[in-house]
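Peer 1: Have a look at this one before I ask anything.
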Amino acid sequence: MVMIAVFAPVTLGLATLWLPREWIERRMAVAVAGPALAFVLLLSIAVGASDHLGAGKDAHHGDTATAFGSEHLTTGTLNWMPSLNINFAFLTDGLGLFFALLVSGVGVCIFLYARGYFGREGPTSADDLYRFYPTIGFFTTAMLGVVLADYTILTLLFWEMTSISSFLLIGWDRYDKKAVKLAMQAFFTTGLGGMGLFGGVLVFGNATGNIVEGGIWRWSQMLEHSEALQTALLNITNNPQLMWAFVLMFIGAGTKSAQFPFHYWLPGAMAAPTPVSAFLHSATMVKAGVFLVGRLFPVFAALPLFPQLIIPFGAATMLYGGVVALQQHDLKRIFAYTTVSQLGLLMAMYGLGAIDFEFVKDGKTLTAAAIDFDVTQIANHAFYKAPLFIAAGAIGHVLSRDITQLNGAFYKHKAICGTMMAAALGLAAVPGTISFQAKELFLYAVMHAAKVSPWLWIVMGMTIITAVCNVAICVRVWTTLLGLKGGMSEADAPEAHHDHHHEHPHEHGLLANLIWFPGAAIVSLQFLGGLFPGAFWGPIFGGFEQTAATGNYFYKGVPNLWYILTHAFESLPFWISMFCLVAGFFVGRSRLGRGAVKDFADHIYPVMYWLSVTGGGRCFRVVQTGNLKHYLLFVLGAMLLGFGWAVQLDISNGGGMLDAVSIEAARFFEYWPGILIGFIACLTAVLIPTTDSRIVRVVFLGATGFAVVALYLVYQAPDLALTQLMFEIISVILFVIVLRLLPKEKRGRDAGKLWRVPIAVAVGLAFGWMTLVAASNNRGNGAFADDGVTPLVEPSNPHAEPLGVTLAQHSYGLKTDEFGNTKLETAMSEGPDGVSERGGGGTNIVNVILVDFRGFDTLGEICVLGLAAMGVWSMLPHRRRKSDPKREVETDYPQDAIEPPLDDLGQGVTA
Amino acid sequence: MMSSPILRTANGIIFPLTLLFAFYMALKGHNFPGGGFIGGLIAAVALMLFRMSHGRDAMTRLMPIHPRVIVAAGLAIATLTGLFPMIYGPFFSVEQEAMPMLRSFAPYVNLGVGEPVHMPSALFFDLGVLLVVIGVSVGMIVRLGEEIAPDEEEVAQA
Amino acid sequence: MTMVLAICVAVTFAVSIYLMLGRELKGVAMGVFLLGHAANLSIIAMSGSPVQTDAQQQTAEHAGVHLTSVDSPEMKDPPILTNQYANEQPLAQMVDPLPQALILTAIVIGFGVMAFLLTLLVVTNRKARTIEVSDLAEEAREA
C-alpha cells in the first residue's frame, strides 16, 4: 500500500502525457489524483497506526516523541539488490508518516495551484502544464520515497531524485540562461551534500558491523539497536567511524536544508515557477535535511558532537536568514530567506533536544521536549510559507513581485493579498496561530536547554533578533499592501528597474480562483490549529498534556495564563514573544534595513565553480596532451612504481619472491623442447622491430604467434593451440590487408629509438618477474604442491584443488583415494543414469567451463564480438557501386543506409 | 587479390572438407578438444580461402546474406539456449523450478531410430558461438578486403 | 618450464612496449597484438609447469601408473576427462583447466578488438591523413 502511495504521483503524472495538450482541466484532475491518492492511503495507515498505539498507550508513556508514536512499522520487502542491501521496503513510523502526509497534502494544493498559476490563456500555458505535472509528480514520488524509505541507500536514491527534479524545476525556463545557471548551482550544492550522505550511509553501514552482522543498512534496524548504538556513540573515541558517519550525513542534511554557508542555493532556486518554490523550496524538499536529522536523532543525539555541530550551524542560519530577509525587496526572495531562517531554527531545535536527551531506558526511548515541538514547527512552517509563496506568485502574476511596487495592492486584489496577509501573521507568530505555539515551544526548548548549558542563552538572543525581523516583515507586508503610512514604496528602491513585469491575461471563471484558493486553504489550517489546538493536534499527538516535559506551562497546547502570571521566570518564553511582537512592530515601521542588499554568500558558488571547472580544465590540459606516448609513459611509470614497491616490500619481508624465482630457475632445463620453442618465440618477437619492412614485420609477428601455439601445446592446452592457430592465420590476413590500406613508412625520420629500449626492458622484466612469482605460487595448491616449496601466500586449505579441478568435480563426481589423490567417482558410463548431478556432463573441462560454468561470460563475449563487428561495419559503410547498374542486381551485401562523404573515400587507398 | 587456377581447383576439394571439419570440431567440443570458437575460426579461414580463390561474386553467391544476419542468428540461438532453463521449469514442467540462466542439461533425446542420443544443451550454445564467430570474422575481413580493391573483379576479368 | 615461459613473457612484453612507444600507429597495433600474446602466456603460466615433478611422479607410481621412462620428463595430461581418471590415474595428472578457459575467451575477444583497432587505423588515416602519433597529438590539440 505504501508502495502504491509512493509511486502514485509519478505514475499519474506521467499518465497525463497521454492526454491531449488541450485538455488542461482533465490533465490536472488526473495529476492531482496522484498526491490525493497517496494522502488518503497514508492517512489510512496513520489512523490504523494510531489506533494500534492507542491500545497500548499506557505502555508507551512519554513516548510521543514522533507524531504517531515511535512504533515503527515496516512494510513487506520487495527485493531489488539484496546482496548490496538495497531493497524496496518502507518504514511508516511517526516521523516518516508525518512528513509523507505533509508532502502529499501540500502536494494536492500545489497541483491545483499550478493550474491557476500557469493559467489557461497564456501563450505557453498548455505546454507548461504539459511539462509540469510529470515533473512535479516525479518530485512528489521522490520526496515520499525519501521520508518513507527504510533502506538507507534507498533513501539516498530518492534523495538524489529530489535533487534532480529540483534541478529540472529551477531551470524550468530552459532559454533563460540565468535560471539554468541557478539550477546548476542548486544541483551542484545539493549534489555535494548527496555525496556526503552517501559516504555517511556507507561509513555507518560498515562501522556498525560489530553491532549487527553485516552492518546496519535499514533505518528500522538502526532504531531497533538504538541502545547498543547509543552506548557506542557515548564512547565515541572507540568508534571514531560513527562520528564521521554522522558528520558526512550532516553535510548532506545541511546542504539540502540550506544551512549557512550553503544556503545560497535556496534564494537562487526562486528562479523556479512559484508552485515549485512553494512546494519544493519551502514546504517539502528543503525539509529533507531536517527530516534526516530527525531520523538520526533518536540514536545520534547521544553523540556529544550532535548538539555542538547542529546548534551553531542552525542558529547562525536562523539569524542570518532572518536579518537578510528583512532587507530584500523581491517577495520571493524575502520568503526564501525567511525559509532559510526557519530551516536553521528547525535544525537548532534538534540540537537543543540533544542537550537534555535522556537515553534509552527499559527499551524505550525517552526523548526530550524539543523534539515534540519540531513536528509542530515543521507543520507550522509549511502552513504559512506555502501560502506566502502562493500569494507571492499570484501577486507577481497580476502586479509585481517587488514589494515596493505593491503599495495599496489590497484594494485591487483582495483575495490574493488577503491570503498573503493572513499567512504573514503566521510568519510573525501572532497569538492564535500554530506559529505562535511553535515559537513558544522553541523558546521554551531554548530556555530548557540553556539551563543545562548556559552558553545557549546566546541562541536565545539570536532567536529574539530573528523573531523581531520576522514580525517586522509581517508589519511591512501589511502596511504596504494596505497602503498605510510606513509601508514600502518606490522611494525605497531608487535604482529598481521595473522591466520584469509580465502582463498576464486576466482569467475569469471559477477555475481562476485556483491562483489563490489553495493558499487560503492551507493558511486556514494555521488558524484552525492556532485557535483550537486541542482539537487539531489531539488526533496527532493524543494531546499535548501527554508530554510530560512541558510541565505546567502548557495546558492543552495553550500557554496557561494563570501559570504564566504566577511563575515569572518559568514563563519567560511568553514575555519574550510579547516583546518580539512589540519590537518587531516598531522595527517594521522604522527605516531600518529598507534598502535591498545582496547576500555575500552568493559569491561562494561562483568561486567554487571557477575553481572546479576552470581550474580543473587547466589541470586537464596539462595532463591530457593527446599524445599516445605520454599516456603510455604515465601508465607504465605508475606500473613500474607499483612493481618496485611490491619488490621492496617483499625484500623487507624476507624475500620470498627470490626463493620462488630461484626454485623455478633450477627447473629451467626440465623440458628441452620447451626451451627451444621459447627461444623461437623470443627470437621472432625481438626481430619484429629490427626491420622497417611492414610485410617482414607481419611475418615475424605471425611467427611469434605460431611459437605461442607450440607453447600452448607444451602446456597441454589443445583447445588453446587450435584456437590460437586459427586466430593467427586470420590476424595475419587482417594485418596484410590493413597495412596495404595505410601509407608506407617515411624513412629516415625514426630518430630517438634508443630511449624506448630501457623502458621496454624494464617493463618486460617486471612482467616476467610477476609471471614467475605468481606462477610459482600456484604450486601451493593441493595435488600440485608436492615439491616442497613453501608458497608465498599460505593457502587457507593446503589440500585444496585448483579451481579448475574443482569445476571438474562439479561436472562429474570425484573421490579421493587412499593416497590423497583425487579421482573420478564414477566411470564415464554412457546412459541415462550416468548423467552427472550438474547435468552438463562434458569431458572437455575447458569447454564445460566456457559453455556452462562461465556460460554467461561467454554469452557476453560473443556480444562483444558482435559489437566489434558492428563497429567495423559502421566505420566502413558499404559503398554503392554506381558505375555498373547490372551489378547492382546481384550486389553482394545489402546496401547500408548511411553514405559516407565522398571526399573521405579513396584517400589512402594504395592498391 | 589474385586468384590462381591451381588454388581454385584445390580449394574445390579443400573447402567442403574444411567446413565439414569445422562443424565436426564444434560438435565434439564438449568432450574433446574443439568447440564453437575453434569451429567458427576454422570455418572462417575456409571461407576466406574460398573468397581468395573464387573472388567476390562467388562469395556472394555462396553467402547471399550480410554476415550480420549470421551474427544476429548466432546471438539469438545462444541467448535462447541460455534462457531455456529459466523458462523450462515454470512453463513446461510442474515439478521443476526455474533454473538459473545457462544451466546446462543433457537430455537423452529419442530420435525414433536407434538408441537415445545424448544431446547436451551446451551443444546449441556452442552452435550460436560458432555462427557468431563465423559472421564476425568473415564479415570484418571481407569488408576490409574490399577497401583495398573495390573493383578488382573488373581488373581480373579484363 | 615456468622459467622459460616467464622469459618469453618478458621478451614479448618488452617488444610490445617498444613497438607501442613507436612513431606510427601501425607499430602500436602490432604492439597491442603482441601484448595479447604476452598476457595470455603469463596467464597460462599460472597453471603451473606441465612437467611433473619427481614428487608428483612418485605419487603417480603409488597409484599404479606405469611410467614410460625415467629419463624423459613425464608431462601432465590435457584437461580432458577419460576413463583412466576413474580407474587408476589421480586427477593431479591433469593441468589446471581454468587458465585455459580464461585464455580461450581472451584470444577470441582479442581478435575482435584487433579487427576493431585496425579498422580504426584505416579510418584515422582517412580522416587525419596521417598515422604518426605526434601529428595526431597536434591535431587533437588544435581541435
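Residue numbering restarts at 1 for every chain of the C-alpha cells, chains are lettered A, B, ... in their displayed order, and ligands are numbered from 1 as they appear.
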Could you list, as a PyMOL selection string, every residue within 9 Å of range 112-125 of chain C, counting only C-alpha atoms and ignoring same-chain residues fewer than 5 positions away?
Peer 2: (chain A and resi 731+734-735+738-739+741-743+864-869+871-872+875-876+904+907-908) or (chain B and resi 136-137+140-141+144) or (chain C and resi 25-26+29+32-33+107+130-131)
Peer 1: Taking only C-alpha atoms into account and nothing else, which residues of chain B lie no more than 12 Å away from chain C? Please answer as a PyMOL selection string.
Peer 2: chain B and resi 29-38+40-41+129-130+132-145+147-148
Peer 1: Kindly save the residues from that selection, with N, CA and C atoms included, as a PDB file, in the first residue's frame.
Peer 2:
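Wrote part.pdb, looks like this:
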```pdb
ATOM      1  N   GLY B  29      33.182 -30.589 -29.367  1.00  0.00           N
ATOM      2  CA  GLY B  29      33.877 -29.734 -28.410  1.00  0.00           C
ATOM      3  C   GLY B  29      33.583 -30.049 -26.959  1.00  0.00           C
ATOM      4  N   HIS B  30      32.401 -30.592 -26.691  1.00  0.00           N
ATOM      5  CA  HIS B  30      32.038 -30.777 -25.295  1.00  0.00           C
ATOM      6  C   HIS B  30      32.892 -31.855 -24.630  1.00  0.00           C
ATOM      7  N   ASN B  31      33.307 -32.825 -25.423  1.00  0.00           N
ATOM      8  CA  ASN B  31      34.033 -33.927 -24.817  1.00  0.00           C
ATOM      9  C   ASN B  31      35.491 -34.016 -25.239  1.00  0.00           C
ATOM     10  N   PHE B  32      35.832 -33.402 -26.337  1.00  0.00           N
ATOM     11  CA  PHE B  32      37.216 -33.462 -26.826  1.00  0.00           C
ATOM     12  C   PHE B  32      37.643 -32.054 -27.217  1.00  0.00           C
ATOM     13  N   PRO B  33      38.947 -31.878 -27.501  1.00  0.00           N
ATOM     14  CA  PRO B  33      39.361 -30.544 -27.926  1.00  0.00           C
ATOM     15  C   PRO B  33      38.509 -30.058 -29.091  1.00  0.00           C
ATOM     16  N   GLY B  34      38.119 -28.837 -29.005  1.00  0.00           N
ATOM     17  CA  GLY B  34      37.251 -28.291 -30.047  1.00  0.00           C
ATOM     18  C   GLY B  34      36.273 -27.318 -29.418  1.00  0.00           C
ATOM     19  N   GLY B  35      35.179 -27.048 -30.096  1.00  0.00           N
ATOM     20  CA  GLY B  35      34.185 -26.134 -29.552  1.00  0.00           C
ATOM     21  C   GLY B  35      33.821 -25.061 -30.551  1.00  0.00           C
ATOM     22  N   GLY B  36      32.886 -24.237 -30.132  1.00  0.00           N
ATOM     23  CA  GLY B  36      32.343 -23.241 -31.043  1.00  0.00           C
ATOM     24  C   GLY B  36      33.374 -22.263 -31.565  1.00  0.00           C
ATOM     25  N   PHE B  37      34.240 -21.810 -30.689  1.00  0.00           N
ATOM     26  CA  PHE B  37      35.225 -20.818 -31.115  1.00  0.00           C
ATOM     27  C   PHE B  37      36.137 -21.401 -32.189  1.00  0.00           C
ATOM     28  N   ILE B  38      36.661 -22.587 -31.903  1.00  0.00           N
ATOM     29  CA  ILE B  38      37.594 -23.202 -32.839  1.00  0.00           C
ATOM     30  C   ILE B  38      36.900 -23.488 -34.160  1.00  0.00           C
ATOM     31  N   GLY B  40      34.302 -22.127 -35.387  1.00  0.00           N
ATOM     32  CA  GLY B  40      33.994 -20.890 -36.084  1.00  0.00           C
ATOM     33  C   GLY B  40      35.198 -20.324 -36.799  1.00  0.00           C
ATOM     34  N   LEU B  41      36.323 -20.340 -36.118  1.00  0.00           N
ATOM     35  CA  LEU B  41      37.526 -19.778 -36.730  1.00  0.00           C
ATOM     36  C   LEU B  41      37.977 -20.627 -37.919  1.00  0.00           C
ATOM     37  N   VAL B 129      27.675 -19.763 -30.709  1.00  0.00           N
ATOM     38  CA  VAL B 129      29.025 -19.192 -30.705  1.00  0.00           C
ATOM     39  C   VAL B 129      29.661 -19.358 -32.075  1.00  0.00           C
ATOM     40  N   LEU B 130      29.510 -20.539 -32.639  1.00  0.00           N
ATOM     41  CA  LEU B 130      30.068 -20.837 -33.961  1.00  0.00           C
ATOM     42  C   LEU B 130      29.587 -19.826 -34.995  1.00  0.00           C
ATOM     43  N   VAL B 132      28.309 -16.859 -34.531  1.00  0.00           N
ATOM     44  CA  VAL B 132      28.785 -15.500 -34.275  1.00  0.00           C
ATOM     45  C   VAL B 132      30.214 -15.344 -34.767  1.00  0.00           C
ATOM     46  N   VAL B 133      31.046 -16.317 -34.442  1.00  0.00           N
ATOM     47  CA  VAL B 133      32.456 -16.200 -34.822  1.00  0.00           C
ATOM     48  C   VAL B 133      32.593 -16.191 -36.341  1.00  0.00           C
ATOM     49  N   ILE B 134      31.853 -17.046 -37.021  1.00  0.00           N
ATOM     50  CA  ILE B 134      31.918 -17.057 -38.488  1.00  0.00           C
ATOM     51  C   ILE B 134      31.494 -15.695 -39.034  1.00  0.00           C
ATOM     52  N   GLY B 135      30.339 -15.233 -38.555  1.00  0.00           N
ATOM     53  CA  GLY B 135      29.815 -13.978 -39.085  1.00  0.00           C
ATOM     54  C   GLY B 135      30.771 -12.828 -38.864  1.00  0.00           C
ATOM     55  N   VAL B 136      31.296 -12.761 -37.639  1.00  0.00           N
ATOM     56  CA  VAL B 136      32.161 -11.635 -37.300  1.00  0.00           C
ATOM     57  C   VAL B 136      33.434 -11.677 -38.126  1.00  0.00           C
ATOM     58  N   SER B 137      34.112 -12.823 -38.140  1.00  0.00           N
ATOM     59  CA  SER B 137      35.422 -12.810 -38.796  1.00  0.00           C
ATOM     60  C   SER B 137      35.279 -12.663 -40.305  1.00  0.00           C
ATOM     61  N   VAL B 138      34.354 -13.393 -40.889  1.00  0.00           N
ATOM     62  CA  VAL B 138      34.177 -13.263 -42.338  1.00  0.00           C
ATOM     63  C   VAL B 138      33.736 -11.850 -42.688  1.00  0.00           C
ATOM     64  N   GLY B 139      32.786 -11.350 -41.944  1.00  0.00           N
ATOM     65  CA  GLY B 139      32.259 -10.023 -42.234  1.00  0.00           C
ATOM     66  C   GLY B 139      33.333  -8.964 -42.185  1.00  0.00           C
ATOM     67  N   MET B 140      34.126  -8.995 -41.122  1.00  0.00           N
ATOM     68  CA  MET B 140      35.120  -7.945 -40.975  1.00  0.00           C
ATOM     69  C   MET B 140      36.194  -8.046 -42.042  1.00  0.00           C
ATOM     70  N   ILE B 141      36.675  -9.255 -42.290  1.00  0.00           N
ATOM     71  CA  ILE B 141      37.817  -9.364 -43.207  1.00  0.00           C
ATOM     72  C   ILE B 141      37.386  -9.100 -44.636  1.00  0.00           C
ATOM     73  N   VAL B 142      36.226  -9.614 -45.007  1.00  0.00           N
ATOM     74  CA  VAL B 142      35.752  -9.361 -46.361  1.00  0.00           C
ATOM     75  C   VAL B 142      35.544  -7.870 -46.567  1.00  0.00           C
ATOM     76  N   ARG B 143      34.997  -7.234 -45.533  1.00  0.00           N
ATOM     77  CA  ARG B 143      34.739  -5.796 -45.638  1.00  0.00           C
ATOM     78  C   ARG B 143      36.041  -5.015 -45.803  1.00  0.00           C
ATOM     79  N   LEU B 144      37.027  -5.367 -44.983  1.00  0.00           N
ATOM     80  CA  LEU B 144      38.304  -4.665 -45.078  1.00  0.00           C
ATOM     81  C   LEU B 144      38.996  -4.979 -46.399  1.00  0.00           C
ATOM     82  N   GLY B 145      38.850  -6.217 -46.848  1.00  0.00           N
ATOM     83  CA  GLY B 145      39.479  -6.595 -48.108  1.00  0.00           C
ATOM     84  C   GLY B 145      38.924  -5.791 -49.265  1.00  0.00           C
ATOM     85  N   GLU B 147      38.116  -2.825 -49.251  1.00  0.00           N
ATOM     86  CA  GLU B 147      38.663  -1.475 -49.270  1.00  0.00           C
ATOM     87  C   GLU B 147      39.896  -1.391 -50.161  1.00  0.00           C
ATOM     88  N   ILE B 148      40.616  -2.496 -50.226  1.00  0.00           N
ATOM     89  CA  ILE B 148      41.861  -2.447 -50.992  1.00  0.00           C
ATOM     90  C   ILE B 148      41.573  -2.229 -52.466  1.00  0.00           C
TER      91      ILE B 148
END
```
Peer 1: Provide the CA of Pro718 in chain A to CA of Ser42 in chain C distance in Å, to one decimal place.
Peer 2: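 Separating CA of Pro718 in chain A from CA of Ser42 in chain C is a distance of 17.3 Å.
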Peer 1: If you measure from CA of Thr141 in chain A to CA of Ile515 in chain A, what distance in Å do you get, rounded to one decimal?
Peer 2: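 If I compute the distance from CA of Thr141 in chain A to CA of Ile515 in chain A, I get 23.8 Å.
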Peer 1: Report as a PyMOL selection string all protein, DNA and RNA residues lying within 8 Å of Met3 in chain C, evaluated on only C-alpha atoms, omitting residues in the same chain fewer than 5 positions from it.
Peer 2: chain A and resi 664-665+667-668+772
Peer 1: Name all residues at most 9 Å from range 403-419 of chain A (count only C-alpha atoms; drop same-chain ones fewer than 2 positions away) and give them as a PyMOL selection string.
Peer 2: chain A and resi 328-331+387-388+390-392+394-395+398-401+421-424+477+479-484+487-493+498+513+515-517+519-520+523
Peer 1: Which polymer residues have any atom within 12 Å of an atom of Phe527 in chain A, counting only C-alpha atoms, with same-chain residues fewer than 5 positions away left out, as an NGL selection string?
Peer 2: :A and (380 or 383-384 or 422-426 or 429-437 or 520-522 or 532-533 or 536)
Peer 1: Write down as a ChimeraX atom specification the residues of range 26-93 of chain B whose backbone DSSP state falls under helix (DSSP H, G or I).
Peer 2: /B:26-28,36-54,56-62,67-92
Peer 1: Please measure the separation of CA of Glu160 in chain A and CA of Val146 in chain A, giving the value in Å to one decimal.
Peer 2: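 Pair CA of Glu160 in chain A / CA of Val146 in chain A returns 9.2 Å.
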Peer 1: I want to know what sits within 9 Å of Ile103 in chain C, based on only C-alpha atoms, with residues of the same chain fewer than 5 positions away left out; could you give that as a list in words?
Peer 2: Leu720 of chain A; Ala39, Asn40, Leu41, Ile43, Ile44, Leu98 and Val108 of chain C
Peer 1: Name all residues at most 8 Å from range 314-327 of chain A (count only C-alpha atoms; drop same-chain ones fewer than 5 positions away) and give them as a PyMOL selection string.
Peer 2: chain A and resi 259-261+263+333-348+459+462-463+465-467+469-470+472-473+593-597+599
Peer 1: Just checking: using only C-alpha atoms, which residue out of A:Gln308, A:Ser453, A:Thr231, A:Thr152 ends up closest to Gly205 in chain A?
Peer 2: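 Among A:Gln308, A:Ser453, A:Thr231, A:Thr152, it is A:Thr152 that comes nearest to Gly205 in chain A.
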Peer 1: Just checking: using only C-alpha atoms, which residue out of B:Thr9, B:Thr81, B:Thr18, B:Thr60 ends up closest to chain A?
Peer 2: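 Nearest to chain A: B:Thr60.
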